[in-house]
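Peer 1: Pasting input-v3.cif here (mmCIF, C-alpha atoms):
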data_final
#
loop_
_atom_site.label_atom_id
_atom_site.label_comp_id
_atom_site.auth_asym_id
_atom_site.auth_seq_id
_atom_site.Cartn_x
_atom_site.Cartn_y
_atom_site.Cartn_z
CA MET A 1 -1.19 6.19 -1.12
CA ASN A 2 2.36 5.70 0.03
CA THR A 3 3.19 2.06 0.70
CA PRO A 4 3.64 2.46 4.49
CA ALA A 5 0.14 4.01 4.66
CA HIS A 6 -1.29 1.00 2.80
CA MET A 7 0.46 -1.34 5.22
CA ALA A 8 -0.77 0.59 8.28
CA LEU A 9 -4.33 0.67 6.96
CA SER A 10 -4.24 -3.07 6.31
CA LEU A 11 -3.05 -3.69 9.86
CA ALA A 12 -5.72 -1.39 11.28
CA VAL A 13 -8.51 -3.03 9.28
CA LEU A 14 -7.37 -6.67 9.27
CA GLY A 15 -5.04 -6.80 12.27
CA ARG A 16 -7.48 -8.27 14.78
CA GLU A 17 -6.40 -11.71 13.57
CA ARG A 18 -4.47 -13.24 16.49
CA ARG A 19 -2.81 -16.18 14.76
CA ARG A 20 0.95 -16.27 14.95
CA GLY A 21 2.36 -14.64 11.83
CA ALA A 22 -0.86 -12.86 10.88
CA TRP A 23 0.67 -9.39 11.09
CA ALA A 24 3.54 -10.44 8.81
CA VAL A 25 1.02 -11.79 6.29
CA ILE A 26 -1.03 -8.57 6.45
CA LEU A 27 2.06 -6.39 6.03
CA ALA A 28 3.21 -8.50 3.07
CA GLY A 29 -0.20 -8.11 1.42
CA GLY A 30 -0.06 -4.35 1.92
CA LEU A 31 3.39 -4.27 0.31
CA LEU A 32 2.92 -6.68 -2.62
CA PRO A 33 1.22 -4.30 -5.10
CA ASP A 34 4.15 -1.86 -4.76
CA LEU A 35 6.97 -4.39 -4.41
CA PHE A 36 8.24 -4.16 -7.97
CA LEU A 37 7.97 -0.37 -7.99
CA PHE A 38 10.71 -0.45 -5.34
CA LEU A 39 12.73 -2.82 -7.49
CA GLU A 40 12.35 -0.44 -10.44
CA HIS A 41 13.74 2.36 -8.29
CA PHE A 42 17.05 0.48 -8.08
CA THR A 43 17.16 -1.40 -11.39
CA GLY A 44 15.25 0.87 -13.76
CA ARG A 45 12.08 0.01 -15.61
CA GLY A 46 12.46 -2.91 -17.95
CA PRO A 47 9.95 -5.21 -19.64
CA LEU A 48 10.09 -7.77 -16.81
CA THR A 49 9.57 -5.29 -13.98
CA ALA A 50 6.84 -3.50 -15.97
CA GLN A 51 4.96 -6.80 -16.35
CA LEU A 52 5.47 -7.69 -12.69
CA VAL A 53 4.00 -4.33 -11.64
CA ILE A 54 0.91 -5.18 -13.70
CA VAL A 55 0.62 -8.71 -12.29
CA PHE A 56 1.08 -7.63 -8.68
CA ASN A 57 -1.57 -4.90 -9.06
CA SER A 58 -4.26 -7.25 -10.37
CA ALA A 59 -7.40 -7.35 -8.22
CA VAL A 60 -8.51 -10.32 -10.31
CA LEU A 61 -5.49 -12.38 -9.30
CA TYR A 62 -5.77 -11.46 -5.61
CA ALA A 63 -9.47 -12.36 -5.64
CA ALA A 64 -8.54 -15.73 -7.15
CA LEU A 65 -5.86 -16.21 -4.47
CA ALA A 66 -8.41 -15.42 -1.74
CA ALA A 67 -10.83 -17.98 -3.19
CA LEU A 68 -8.06 -20.56 -3.51
CA GLY A 69 -7.00 -19.97 0.08
CA LEU A 70 -10.57 -20.42 1.30
CA ALA A 71 -11.00 -23.59 -0.76
CA LEU A 72 -7.74 -25.06 0.55
CA ARG A 73 -8.37 -23.79 4.09
CA LEU A 74 -5.09 -21.90 4.17
CA TRP A 75 -5.94 -19.12 6.66
CA TRP A 76 -3.03 -16.92 5.60
CA LEU A 77 -3.70 -16.81 1.84
CA PRO A 78 -7.09 -15.02 2.01
CA LEU A 79 -5.61 -12.64 4.60
CA LEU A 80 -2.68 -11.83 2.30
CA ALA A 81 -5.02 -11.38 -0.66
CA LEU A 82 -7.46 -9.19 1.30
CA SER A 83 -4.62 -6.95 2.41
CA ALA A 84 -3.46 -6.57 -1.20
CA LEU A 85 -7.06 -5.97 -2.34
CA LEU A 86 -7.45 -3.22 0.26
CA HIS A 87 -4.28 -1.63 -1.14
CA ILE A 88 -5.67 -1.81 -4.68
CA ALA A 89 -9.09 -0.51 -3.61
CA LEU A 90 -7.42 2.70 -2.44
CA ASP A 91 -4.98 2.91 -5.34
CA LEU A 92 -7.85 2.88 -7.85
CA PRO A 93 -9.30 6.29 -6.89
CA LEU A 94 -5.95 7.88 -5.98
CA HIS A 95 -3.84 7.44 -9.12
CA ALA A 96 -4.31 9.96 -11.91
CA THR A 97 -1.51 9.92 -14.47
CA ASP A 98 0.08 6.79 -13.00
CA ALA A 99 -2.99 4.52 -12.92
CA ARG A 100 -2.59 0.73 -13.00
CA ALA A 101 -4.46 -1.99 -14.89
CA HIS A 102 -6.13 -3.41 -11.78
CA PHE A 103 -8.40 -5.75 -13.75
CA TRP A 104 -5.64 -7.50 -15.70
CA PRO A 105 -5.72 -10.17 -17.17
CA LEU A 106 -9.37 -9.50 -18.05
CA THR A 107 -8.55 -6.07 -19.47
CA ASP A 108 -5.67 -3.60 -19.72
CA TRP A 109 -8.04 -0.71 -18.94
CA THR A 110 -6.88 1.83 -16.37
CA PHE A 111 -8.96 4.35 -14.45
CA ALA A 112 -7.30 7.77 -14.61
CA SER A 113 -8.71 9.28 -11.44
CA PRO A 114 -9.22 13.03 -11.08
CA PHE A 115 -7.47 12.61 -7.71
CA SER A 116 -3.91 11.74 -6.78
CA PHE A 117 -2.26 11.11 -3.44
CA TRP A 118 0.85 12.97 -4.60
CA ASP A 119 0.27 14.98 -7.81
CA THR A 120 -0.64 18.57 -6.91
CA GLY A 121 -2.22 18.94 -10.35
CA HIS A 122 -4.82 16.40 -9.20
CA HIS A 123 -5.51 17.62 -5.64
CA GLY A 124 -2.40 15.87 -4.30
CA ALA A 125 -1.70 18.42 -1.57
CA LEU A 126 -5.11 17.81 -0.01
CA ILE A 127 -5.24 14.04 -0.59
CA GLY A 128 -1.66 13.55 0.63
CA THR A 129 -2.40 15.52 3.78
CA LEU A 130 -5.53 13.44 4.40
CA GLU A 131 -3.41 10.34 3.88
CA GLY A 132 -1.09 11.57 6.65
CA VAL A 133 -4.06 11.96 9.00
CA LEU A 134 -5.32 8.48 8.05
CA PHE A 135 -1.87 7.01 8.69
CA ALA A 136 -1.74 8.61 12.15
CA LEU A 137 -5.18 7.19 13.01
CA CYS A 138 -4.16 3.74 11.77
CA LEU A 139 -0.95 3.91 13.79
CA VAL A 140 -2.94 4.66 16.95
CA ILE A 141 -5.21 1.67 16.28
CA VAL A 142 -2.25 -0.61 15.59
CA TRP A 143 -0.35 0.66 18.66
CA ARG A 144 -3.31 -0.16 20.91
CA ARG A 145 -3.33 -3.72 19.57
CA CYS A 146 0.39 -4.25 20.16
CA GLU A 147 1.02 -6.95 22.74
CA THR A 148 4.81 -7.17 22.64
CA TRP A 149 7.74 -4.78 22.54
CA ALA A 150 8.64 -6.21 19.11
CA GLN A 151 5.23 -5.20 17.74
CA ARG A 152 5.62 -1.72 19.22
CA ALA A 153 9.12 -1.43 17.75
CA LEU A 154 7.76 -2.45 14.34
CA ALA A 155 4.93 0.10 14.64
CA ALA A 156 7.40 2.82 15.64
CA LEU A 157 9.67 1.91 12.71
CA GLY A 158 6.68 2.09 10.38
CA GLY A 159 5.90 5.53 11.78
CA LEU A 160 9.46 6.72 11.13
CA VAL A 161 9.46 5.35 7.57
CA TYR A 162 6.15 7.06 6.88
CA ALA A 163 7.40 10.31 8.43
CA ALA A 164 10.30 10.31 5.95
CA ALA A 165 7.89 9.69 3.06
CA PHE A 166 5.59 12.45 4.32
CA VAL A 167 8.44 14.97 4.56
CA HIS A 168 9.32 14.10 0.96
CA PHE A 169 5.68 14.60 -0.06
CA ALA A 170 5.39 17.91 1.84
CA GLY A 171 8.49 19.28 0.14
CA HIS A 172 7.05 18.62 -3.30
CA ALA A 173 3.43 19.54 -2.50
CA PHE A 174 3.97 22.71 -0.52
CA ALA A 175 7.46 24.03 -1.29
CA GLY A 176 8.20 22.74 -4.79
CA GLN A 177 11.41 21.20 -3.45
CA HIS A 178 12.82 17.70 -3.07
CA TRP A 179 12.94 17.11 0.67
CA ALA A 180 14.16 13.57 1.06
CA ILE A 181 16.92 11.62 2.72
CA TRP A 182 17.39 9.57 -0.47
#
Written as structure tokens, that's how I'd like the structure from this file.

Peer 2:
Amino acid sequence: MNTPAHMALSLAVLGRERRRGAWAVILAGGLLPDLFLFLEHFTGRGPLTAQLVIVFNSAVLYAALAALGLALRLWWLPLLALSALLHIALDLPLHATDARAHFWPLTDWTFASPFSFWDTGHHGALIGTLEGVLFALCLVIVWRRCETWAQRALAALGGLVYAAAFVHFAGHAFAGQHWAIW
């Protein structure tokens, strides 16, 4: 899934938490597995960024962080880890040729799914369209939970960012063209 969709899903699923800063923690957890992919976009793929992509996509490490947070009674750490784990749980079945080693450091094994959220050779047109529907549903749920104008502005900004990503996806999936503002 596209990163904004992961973040919206995390907010929809975990966003009932009312503590101050909870939404920021949830959004950070939804972003973390993809963080170094964005860095690679600007710096290129090197050995350090390649290793950081592996580390930040490890379900094993996020599970350990959740357990540590529970043991130390740090409310935000399990929430961050659960958001990242939700991201990984949906990445696992939706990455075909670009699968990650989600069980590192226990194993370097990757699951090459028959489905992809973007690759039309692996049902990407259908899965990507379903992702768009899921994002819209999550945005409605998040919008209804918004209590301040700042939260609504953040939700609207997330919607705009996702719309740009979806236009890019639609260009590739349905027109064979690069429709993007970048």

Peer 1: Quick one: contact table of range 44-161 of chain A to range 12-20 of chain A, 12 Å max, nearest atom pair and distance in Å to one decimal per residue, counting all atoms listed in the file, chain and number order, as a tab-separated table?

Peer 2:
residue	atom	partner	partner_atom	distance
A:Trp75	CA	A:Arg19	CA	9.2
A:Trp76	CA	A:Arg19	CA	9.2
A:Pro78	CA	A:Leu14	CA	11.1
A:Leu79	CA	A:Leu14	CA	7.8
A:Leu80	CA	A:Leu14	CA	9.9
A:Ala81	CA	A:Leu14	CA	11.2
A:Leu82	CA	A:Leu14	CA	8.4
A:Ser83	CA	A:Leu14	CA	7.4
A:Ala84	CA	A:Leu14	CA	11.2
A:Leu85	CA	A:Leu14	CA	11.6
A:Leu86	CA	A:Val13	CA	9.1
A:His87	CA	A:Val13	CA	11.3
A:Leu134	CA	A:Ala12	CA	10.4
A:Phe135	CA	A:Ala12	CA	9.6
A:Ala136	CA	A:Ala12	CA	10.8
A:Leu137	CA	A:Ala12	CA	8.8
A:Cys138	CA	A:Ala12	CA	5.4
A:Leu139	CA	A:Ala12	CA	7.6
A:Val140	CA	A:Ala12	CA	8.7
A:Ile141	CA	A:Ala12	CA	5.9
A:Val142	CA	A:Ala12	CA	5.6
A:Trp143	CA	A:Ala12	CA	9.4
A:Arg144	CA	A:Ala12	CA	10.0
A:Arg145	CA	A:Arg16	CA	7.8
A:Cys146	CA	A:Gly15	CA	9.9
A:Glu147	CA	A:Arg18	CA	10.4
A:Gln151	CA	A:Gly15	CA	11.7
A:Ala155	CA	A:Ala12	CA	11.3

Peer 1: How many Å separate CA of Gly159 in chain A from CA of Ala28 in chain A?

Peer 2: 16.7 Å

Peer 1: Which neighbours of Thr3 in chain A fall inside 8 Å, counting all atoms listed in the file, when residues of the same chain fewer than 3 positions from it are skipped, and could you give them as a list in words?

Peer 2: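 Residues meeting the cut-off are His6, Met7, Gly30, Leu31 and Asp34 of chain A.
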
Peer 1: Kindly give the distance, in Å, that separates CA of Arg45 in chain A and CA of Leu61 in chain A, rounded to a single decimal.

Peer 2: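 These atoms are spaced 22.4 Å apart.
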
Peer 1: Separation of CA of Leu70 in chain A and CA of Ile26 in chain A, in Å?

Peer 2: 16.1 Å

Peer 1: Measuring atom to atom with only C-alpha atoms, identify which of A:Trp118, A:Trp149, A:Phe166, A:Phe103 is nearest to Ala63 in chain A.

Peer 2: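 Using only C-alpha atoms, Ala63 in chain A sits closest to A:Phe103.
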
Peer 1: Apply the PyMOL selection byres ((chain A and resi 96) around 8) to the structure shown and report the selected residues as a PyMOL selection string.

Peer 2: chain A and resi 93-95+97-99+111-116+119+122

Peer 1: Any idea what's packed within 12 Å of Val167 in chain A, counting all atoms listed in the file, ignoring anything in its chain fewer than 6 positions away? Could you give it as a PyMOL selection string?

Peer 2: chain A and resi 2+128-129+132+160-161+173-175+177-182

Peer 1: Point out the residue among A:Ser10, A:Leu39, A:Val133, A:Ala150 with the least atom-to-atom distance to Ala163 in chain A, counting only C-alpha atoms.

Peer 2: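 The closest residue to Ala163 in chain A is A:Val133.
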
Peer 1: Restricting the calculation to all atoms listed in the file, which member of A:Gly124, A:Gly46, A:Pro4, A:Gly69 is positioned closest to Pro33 in chain A?

Peer 2: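 Looking at the shortest contact to Pro33 in chain A, the residue is A:Pro4.
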
Peer 1: Nearest to Thr107 in chain A: which of A:Ala59, A:Leu130, A:Ala71, A:Leu65 is it, counting all atoms listed in the file?

Peer 2: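 Distance minimum relative to Thr107 in chain A lands on A:Ala59.
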
Peer 1: Using all atoms listed in the file, find each residue of range 100-148 of chain A with at least one atom at most 10 Å away from an atom of range 49-56 of chain A; report its shortest atom-to-atom pair and that distance in Å (one decimal), sort the rows by chain and rising residue number, and return the result as a Markdown table.

Peer 2:
| residue | atom | partner | partner_atom | distance |
| --- | --- | --- | --- | --- |
| A:Arg100 | CA | A:Ile54 | CA | 6.9 |
| A:Ala101 | CA | A:Ile54 | CA | 6.4 |
| A:His102 | CA | A:Ile54 | CA | 7.5 |
| A:Phe103 | CA | A:Ile54 | CA | 9.3 |
| A:Trp104 | CA | A:Val55 | CA | 7.2 |
| A:Pro105 | CA | A:Val55 | CA | 8.1 |
| A:Asp108 | CA | A:Ile54 | CA | 9.1 |

Peer 1: Around range 87-97 of chain A, fit a box with edges along x, y and z, padding it by 3 Å on each side, then list its centre and edge lengths in Å to one decimal as JSON.

Peer 2:
{"center_x": -5.4, "center_y": 4.1, "center_z": -7.8, "size_x": 13.8, "size_y": 17.8, "size_z": 19.3}

Peer 1: For Leu106 in chain A, which of A:Leu35, A:Ala125, A:Ala8, A:Val60 is the closest residue, counting all atoms listed in the file?

Peer 2: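 Smallest separation from Leu106 in chain A among the options: A:Val60.
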
Peer 1: Looking at all atoms listed in the file, which of A:Leu72, A:Leu154, A:Ile88, A:Ala164 is the one that sits closest to Leu27 in chain A?

Peer 2: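 Of all the options, A:Leu154 lies closest to Leu27 in chain A.
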
Peer 1: Could I get range 145-166 of chain A rebuilt with N, CA and C atoms, written as an mmCIF file, keeping the file's coordinate frame?

Peer 2:
data_model
loop_
_atom_site.group_PDB
_atom_site.id
_atom_site.type_symbol
_atom_site.label_atom_id
_atom_site.label_comp_id
_atom_site.auth_asym_id
_atom_site.auth_seq_id
_atom_site.Cartn_x
_atom_site.Cartn_y
_atom_site.Cartn_z
ATOM 1 N N ARG A 145 -3.243 -2.263 19.707
ATOM 2 C CA ARG A 145 -3.330 -3.720 19.570
ATOM 3 C C ARG A 145 -2.002 -4.417 19.865
ATOM 4 N N CYS A 146 -0.932 -3.653 19.934
ATOM 5 C CA CYS A 146 0.390 -4.250 20.160
ATOM 6 C C CYS A 146 0.420 -4.943 21.515
ATOM 7 N N GLU A 147 0.930 -6.160 21.508
ATOM 8 C CA GLU A 147 1.020 -6.950 22.740
ATOM 9 C C GLU A 147 2.455 -7.159 23.186
ATOM 10 N N THR A 148 3.408 -6.932 22.305
ATOM 11 C CA THR A 148 4.810 -7.170 22.640
ATOM 12 C C THR A 148 5.644 -5.941 22.298
ATOM 13 N N TRP A 149 6.835 -5.887 22.865
ATOM 14 C CA TRP A 149 7.740 -4.780 22.540
ATOM 15 C C TRP A 149 8.155 -4.849 21.074
ATOM 16 N N ALA A 150 8.254 -6.059 20.523
ATOM 17 C CA ALA A 150 8.640 -6.210 19.110
ATOM 18 C C ALA A 150 7.571 -5.599 18.202
ATOM 19 N N GLN A 151 6.307 -5.809 18.539
ATOM 20 C CA GLN A 151 5.230 -5.200 17.740
ATOM 21 C C GLN A 151 5.281 -3.677 17.852
ATOM 22 N N ARG A 152 5.534 -3.177 19.052
ATOM 23 C CA ARG A 152 5.620 -1.720 19.220
ATOM 24 C C ARG A 152 6.825 -1.154 18.465
ATOM 25 N N ALA A 153 7.939 -1.874 18.487
ATOM 26 C CA ALA A 153 9.120 -1.430 17.750
ATOM 27 C C ALA A 153 8.831 -1.399 16.249
ATOM 28 N N LEU A 154 8.127 -2.411 15.758
ATOM 29 C CA LEU A 154 7.760 -2.450 14.340
ATOM 30 C C LEU A 154 6.819 -1.295 13.995
ATOM 31 N N ALA A 155 5.849 -1.022 14.873
ATOM 32 C CA ALA A 155 4.930 0.100 14.640
ATOM 33 C C ALA A 155 5.682 1.423 14.648
ATOM 34 N N ALA A 156 6.615 1.590 15.584
ATOM 35 C CA ALA A 156 7.400 2.820 15.640
ATOM 36 C C ALA A 156 8.271 2.969 14.393
ATOM 37 N N LEU A 157 8.873 1.874 13.938
ATOM 38 C CA LEU A 157 9.670 1.910 12.710
ATOM 39 C C LEU A 157 8.807 2.289 11.520
ATOM 40 N N GLY A 158 7.610 1.719 11.444
ATOM 41 C CA GLY A 158 6.680 2.090 10.380
ATOM 42 C C GLY A 158 6.346 3.574 10.422
ATOM 43 N N GLY A 159 6.161 4.103 11.630
ATOM 44 C CA GLY A 159 5.900 5.530 11.780
ATOM 45 C C GLY A 159 7.052 6.382 11.293
ATOM 46 N N LEU A 160 8.277 5.967 11.585
ATOM 47 C CA LEU A 160 9.460 6.720 11.130
ATOM 48 C C LEU A 160 9.600 6.658 9.610
ATOM 49 N N VAL A 161 9.379 5.486 9.037
ATOM 50 C CA VAL A 161 9.460 5.350 7.570
ATOM 51 C C VAL A 161 8.412 6.239 6.916
ATOM 52 N N TYR A 162 7.190 6.210 7.454
ATOM 53 C CA TYR A 162 6.150 7.060 6.880
ATOM 54 C C TYR A 162 6.481 8.530 7.056
ATOM 55 N N ALA A 163 7.038 8.906 8.201
ATOM 56 C CA ALA A 163 7.400 10.310 8.430
ATOM 57 C C ALA A 163 8.381 10.784 7.358
ATOM 58 N N ALA A 164 9.353 9.943 7.008
ATOM 59 C CA ALA A 164 10.300 10.310 5.950
ATOM 60 C C ALA A 164 9.589 10.479 4.616
ATOM 61 N N ALA A 165 8.654 9.574 4.310
ATOM 62 C CA ALA A 165 7.890 9.690 3.060
ATOM 63 C C ALA A 165 7.020 10.944 3.080
ATOM 64 N N PHE A 166 6.458 11.280 4.237
ATOM 65 C CA PHE A 166 5.590 12.450 4.320
ATOM 66 C C PHE A 166 6.385 13.742 4.176
#
